[in-house]
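Colleague: Below is one structure. I have some questions about it.
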Amino acid sequence: MLKRVELKERRFEEYRGQVPDALFSEVRQLAGKLKGARVLHVNATSAGGGVAEILRSELPLLQDLGLAVSWQVLEPQVDFFTVTKQIHNGLQGDAKNLSPQQWQLYEDYNRELAGHIDAAQWDFIKIHDPQPAAALEMMPIRQAKVTGTKWIWRCHIDSKHANPSYRDRFVRYLAPYDGLVFTMRKYLLEGLEPKKLAVIPMAIDPLADKNRLMDPIVAREIVRRFGIDPDRPLVCQVSRFDPWKDPLGVIEAWTLARREVPGLQLALVGDSSSDDPEGAVVLERVSQAAEGKADLFVLADRADDRAVRAFQTHADVIIQKSLREGFGLTVTEALWAGRPVIGTDVGGIPLQVEDGRSGYLISGPAEAAKRTAELIKNPQRAAAMGRYGHDSVKAKFLTPRLIRDDLKFMLELAER
């Protein structure tokens, strides 16, 4: 039911000079106070999606800083992930409700999961997102609490508009947690009164292969291998094929922008996640919409981390036309690469994109098309926005800052 993920060895010392000296020293100081603390992280999957990416970078560094960290992921059946995908959608505002049988499947799985977690082995247990969220509620109170273990739930999604039928259940599931972490305060579920709350935005790892800055000449050659004409303008969205990422809306925006920018190319660069059975359906719809359209490239599971970095480096404009967005790591990556970002004014996107400074916030395809054409026609403005966005990410959205915030919250819980 739980599978341990092997953590690759990393050294926090490598980040000296990547972030301000004061932040680097503060992280070391905080970690020293938690040296030897036993920490378990549980999430749905070790590959695909932002949560796995964050944990793969952060946890080895926590280990290097002296914490005893373990990462374990779920091994459920497909029907469980079908249910939890709908729960994910419901917490983001989808009107479709689960049947009593589906809720029973979800609770039965979490009850079984609770039996595989020995709270006595850990000082902190951090549960990520909806899939395993009910495990604590399903655990006998003597097993969960007698040890003094601190339980944390981390929400990575935009739950501001949660469907009431999902919201009410999760208020109950989350009530026993010692601490809750949301990306933005507005995501806190109505009726939920956390014992301790932290608001901690996400971050990217500047030393991960995916985020290492790339020579534009190298990026140009890589995108050319995918059939892109590097001498014509390119707009790109990097996202999972998920209805909330609105890839069909991106195609509509691109179609409109081509009226102002003839020869404009579009690349939809995406992957799939093992806990998202909806991805194949969305990809099929996108493929049908792209059929017969020259200069539209749908790259599903064909671009590795280096290729993603190449597209984010070479594209004239990056679009993130999400309908809901917990944080938007692909926005952070694009800004870090020095590209202007046109993003929907939802969720965590306006936390990153400063309208008119690092890109533009938009509300629909027509506005996205207008801003895309403006930036392509004004490359100096686009370059200035890209530089501003890069500096903004360096100041606020790199892994050491995330580690600092997580350590501070753990220390606050330890003192309670």
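Here's how to read the names in the structure tokens: chain A, B, ... by the order shown, residue numbers from 1 in each chain, ligand numbers from 1 in the order shown.
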Using only C-alpha atoms, determine which residues lie at most 10 Å from segment 165-169 of chain A, disregarding the query and same-chain residues fewer than 3 positions distant; provide the list as a ChimeraX atom specification.
Modeller: /A:86-98,103,134,159-162,172-174,189-192
Colleague: Convert the current residue selection to file output with C-alpha atoms, as a compact mmCIF listing (two decimals), in the first residue's frame.
Modeller:
```
# COMPACT_ATOMS: atom_id res chain seq x y z
CA GLN A 86 -12.95 13.71 -9.05
CA ILE A 87 -12.30 14.76 -5.44
CA HIS A 88 -9.49 16.97 -6.73
CA ASN A 89 -11.90 18.46 -9.27
CA GLY A 90 -14.64 18.90 -6.68
CA LEU A 91 -12.33 20.74 -4.30
CA GLN A 92 -11.49 23.06 -7.22
CA GLY A 93 -15.19 23.75 -7.81
CA ASP A 94 -16.47 21.07 -10.18
CA ALA A 95 -20.22 20.55 -9.69
CA LYS A 96 -20.19 16.75 -10.18
CA ASN A 97 -20.67 14.86 -6.90
CA LEU A 98 -19.46 11.44 -5.84
CA TRP A 103 -16.98 7.98 -0.92
CA ALA A 134 -8.49 11.09 5.38
CA SER A 159 -9.67 25.07 -3.15
CA LYS A 160 -11.16 28.58 -2.96
CA HIS A 161 -14.29 27.55 -4.89
CA ALA A 162 -14.73 24.06 -3.39
CA ARG A 172 -14.11 16.75 8.94
CA TYR A 173 -11.14 14.84 7.51
CA LEU A 174 -8.74 17.69 8.23
CA LEU A 189 -11.88 25.78 3.21
CA GLU A 190 -14.91 27.56 4.63
CA GLY A 191 -15.76 26.15 8.05
CA LEU A 192 -12.27 24.75 8.63
```
Colleague: Extract, using only C-alpha atoms, all DNA, RNA and protein residues at most 6 Å from Val42 of chain A, discarding same-chain residues fewer than 2 positions from it, and format them as an MDAnalysis selection string.
Modeller: chainID A and resid 72:73 127
Colleague: Using only C-alpha atoms, which residues sit within 6 Å of segment 387-403 of chain A once same-chain residues fewer than 5 positions away are excluded, as a list in words?
Modeller: Ala203, Ile204, Asp205, Leu335, Trp336, Gly338 and Ser358 of chain A
Colleague: Just write the chosen residues, C-alpha atoms, as a PDB file, in the first residue's frame.
Modeller:
```pdb
ATOM      1  CA  ALA A 203       9.254  27.054  -5.184  1.00  0.00           C
ATOM      2  CA  ILE A 204      11.487  25.604  -7.867  1.00  0.00           C
ATOM      3  CA  ASP A 205      14.939  24.081  -7.549  1.00  0.00           C
ATOM      4  CA  LEU A 335       9.919  33.342 -15.349  1.00  0.00           C
ATOM      5  CA  TRP A 336      13.193  31.829 -14.126  1.00  0.00           C
ATOM      6  CA  GLY A 338      13.623  34.877 -18.462  1.00  0.00           C
ATOM      7  CA  SER A 358       6.844  40.198 -15.705  1.00  0.00           C
TER       8      SER A 358
END
```
Colleague: If we count only C-alpha atoms and set the cut-off at 7 Å, which residues sit around segment 146-152 of chain A, ignoring sequence neighbours fewer than 6 positions away in its own chain? Please answer as a list of chain:residue names.
Modeller: A:Ala119, A:Ala120, A:Trp122, A:Asp123, A:Phe124, A:Ile125, A:Lys126, A:Ile127, A:Tyr177, A:Asp178, A:Gly179, A:Leu180, A:Leu413
Colleague: Write to file, as a PDB file, in the first residue's frame, the residues of the selection just made, with C-alpha atoms.
Modeller:
```pdb
ATOM      1  CA  ALA A 119       2.839   7.074  14.069  1.00  0.00           C
ATOM      2  CA  ALA A 120       5.259   6.065  16.824  1.00  0.00           C
ATOM      3  CA  TRP A 122       7.796   9.588  13.340  1.00  0.00           C
ATOM      4  CA  ASP A 123       8.019  13.016  14.921  1.00  0.00           C
ATOM      5  CA  PHE A 124       6.236  14.613  11.972  1.00  0.00           C
ATOM      6  CA  ILE A 125       3.943  13.081   9.356  1.00  0.00           C
ATOM      7  CA  LYS A 126       3.193  15.303   6.376  1.00  0.00           C
ATOM      8  CA  ILE A 127       0.329  14.253   4.132  1.00  0.00           C
ATOM      9  CA  TYR A 177      -4.409  17.637  11.945  1.00  0.00           C
ATOM     10  CA  ASP A 178      -2.008  19.593  14.117  1.00  0.00           C
ATOM     11  CA  GLY A 179      -1.137  21.917  11.246  1.00  0.00           C
ATOM     12  CA  LEU A 180      -2.429  22.799   7.799  1.00  0.00           C
ATOM     13  CA  LEU A 413       4.321  22.753  15.918  1.00  0.00           C
TER      14      LEU A 413
END
```
Colleague: Contacts of Leu234 of chain A at 6 Å or less, counting only C-alpha atoms, minus same-chain residues fewer than 5 places along, as a ChimeraX atom specification?
Modeller: /A:264-266,315-316
Colleague: Need to verify the contact set: Ile342 of chain A, 9 Å, only C-alpha atoms, exclusion of same-chain residues closer than 6 positions in sequence. Can you return it as an MDAnalysis selection string?
Modeller: chainID A and resid 317:321 353 355 358:362 368 371:372
Colleague: Considering only C-alpha atoms, give me a table of residues in segment 56-173 of chain A that are at most 12 Å from segment 207-230 of chain A, with the closest atom pair and distance in Å for each, as a tab-separated table.
Modeller:
```
residue	atom	partner	partner_atom	distance
A:Arg56	CA	A:Ala208	CA	9.6
A:Ser57	CA	A:Ala208	CA	7.4
A:Glu58	CA	A:Ala208	CA	10.6
A:Leu61	CA	A:Leu207	CA	11.7
```
Colleague: Can you list, as a PyMOL selection string, all residues belonging to segment 15-246 of chain A that DSSP tags as alpha helix (DSSP H)?
Modeller: chain A and resi 21-33+50-64+78-91+100-114+135-138+141-145+164-174+216-225
Colleague: Could you give me, as a list in words, the residues within 8 Å of Phe80 of chain A, counting only C-alpha atoms and dropping anything in the same chain fewer than 6 positions from it?
Modeller: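 That gives Leu105, Tyr106 and Tyr109 of chain A.
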Colleague: Which of segment 90-277 of chain A end up as strand (DSSP E) when DSSP is run on this backbone - answer as JSON, numbers by chain?
Modeller: {"A": [124, 125, 126, 127, 128, 150, 151, 152, 153, 154, 179, 180, 181, 182, 197, 198, 199, 234, 235, 236, 237, 238, 265, 266, 267, 268, 269, 270]}
Colleague: Which value, in Å to one decimal, gives the distance between atom CA of Met202 of chain A and atom CA of Phe327 of chain A?
Modeller: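 Computing it gives 6.6 Å between the two atoms.
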